[in-house]
Amino acid sequence: MLTGVREQLGQALFRRVAGPGGPATRARIHHTPGPRWFGPDRPIRTVHGDASMFIGGLTALLLQSLHPLAMAAVAGHSGFRGDPWGRLQRTSTFLAVTTYGTAADAQEAVDHVRGIHRRIRGTTAEGVPYHAADPHLLGWVHAAETDSFLRAHERYGARPLGAAGYDAYVADTARVAEALGAVDPPRDRSELAERLTAYRPELRATPEARSAARFLLLQPPLPLPVRPFYGGLAASAVTLLPPWARGMLRLPRVPVVEDLAVRPTGQVLTRTIRWAMTPAREI
């Protein structure tokens, strides 16, 4: 009976993240022969294959929203409200292909995204132009994503990597960022922190950013029975934000509640996801 529950939960989570074509895509990614961008011992494989990504992904979306140009591009072109699961599935597939797929498939995925970026341009509500292919804007999106995934794995990962491992993870992600068009992405955790600090004068919580935060945290497109589960993930994601980012989004810290309730809840949820999505027969 427990095995059946495990399989049902794992399949439901996988369908949400990978979409209806997930099994075929997974088989192609992992079983197609050929060289990869990252070998089996690389930290990027450890981080991106861990259940902590469920939390880190939400943290990344919240943090990325604080750049007005990035948020304007998302609000105007991504369709995240009308098709949030489709956007999640496309993002997760891109991460999987570039992390685990053949070098040819990884390059094809990157070329596809770059083609989309070239077409996404416009102006913010204040009349400031943006272009999704702008290397500076790509650098922000990459730095915010990498920092969020790293923080989530460090706190909730099954096997935290340590300082050297996380430096190597940042170096791995730089390979993908450069392929997407970012210029001189950070190569270790110290450079990553410096890069985030350098972007801070450009950041602010626009009405679009706060609206996106409300959507992600309070109005998820989920059935009522599973919203408490999601709420635990969302609360855990908020605790990983840098204090200055929480302040911008008006998400105050509640130390006692976070230390005694939110963090343990995040640990339980990631263990549950990990258990459900790693069948006993797969090692």
# chains A, B, ... in the order shown; residues from 1 in each chain; ligands from 1
call {"tool": "residues_around", "arguments": {"residues": "Ala51 in chain A", "least_positions_apart": "2", "cutoff": "12 Å", "atoms": "only C-alpha atoms", "output": "JSON, numbers by chain"}}
result
{"A": [10, 13, 14, 17, 46, 47, 48, 49, 53, 54, 55, 56, 57, 149, 152, 153, 154, 155, 156, 157, 158, 159, 233, 266, 267, 268, 269, 270, 271, 272, 273, 274, 275, 276, 277, 278]}
call {"tool": "residues_around", "arguments": {"residues": "Pro68 in chain A", "least_positions_apart": "6", "cutoff": "7 Å", "atoms": "only C-alpha atoms", "output": "VMD selection string"}}
result
chain A and resid 203 to 204 206
call {"tool": "write_last_selection", "arguments": {"atoms": "N, CA and C atoms", "output": "PDB file, in the first residue's frame"}}
result
ATOM      1  N   LEU A 203      17.299  47.630  -8.463  1.00  0.00           N
ATOM      2  CA  LEU A 203      16.167  46.810  -8.049  1.00  0.00           C
ATOM      3  C   LEU A 203      15.130  47.615  -7.279  1.00  0.00           C
ATOM      4  N   ARG A 204      13.886  47.255  -7.477  1.00  0.00           N
ATOM      5  CA  ARG A 204      12.790  47.796  -6.681  1.00  0.00           C
ATOM      6  C   ARG A 204      11.548  46.947  -6.909  1.00  0.00           C
ATOM      7  N   THR A 206       8.216  46.836  -8.060  1.00  0.00           N
ATOM      8  CA  THR A 206       7.188  47.516  -8.839  1.00  0.00           C
ATOM      9  C   THR A 206       5.822  46.928  -8.489  1.00  0.00           C
TER      10      THR A 206
END
call {"tool": "residues_around", "arguments": {"residues": "range 38-45 of chain A", "least_positions_apart": "3", "cutoff": "12 Å", "atoms": "only C-alpha atoms", "output": "NGL selection string"}}
result
:A and (30 or 34-35 or 48-50 or 53 or 95-103 or 106 or 146 or 149-150 or 153 or 159-176)
call {"tool": "select_by_dssp", "arguments": {"residues": "range 36-201 of chain A", "states": "strand (DSSP E or B)", "output": "PyMOL selection string"}}
result
chain A and resi 36+102+121-123+129-131
call {"tool": "write_last_selection", "arguments": {"atoms": "C-alpha atoms", "output": "JSON list (two decimals), in the first residue's frame"}}
result
[["chain", "number", "residue", "atom", "x", "y", "z"],
["A", 36, "ARG", "CA", 27.39, 16.01, -22.00],
["A", 102, "THR", "CA", 23.64, 15.49, -24.57],
["A", 121, "ARG", "CA", 11.22, 43.58, -26.21],
["A", 122, "GLY", "CA", 9.08, 46.47, -25.07],
["A", 123, "THR", "CA", 8.90, 49.31, -22.57],
["A", 129, "PRO", "CA", 12.90, 50.04, -22.97],
["A", 130, "TYR", "CA", 13.86, 46.42, -22.31],
["A", 131, "HIS", "CA", 15.06, 43.53, -24.39]]
call {"tool": "atom_distance", "arguments": {"atom1": "CA of Ala109 in chain A", "atom2": "CA of Thr32 in chain A"}}
result
15.1 Å
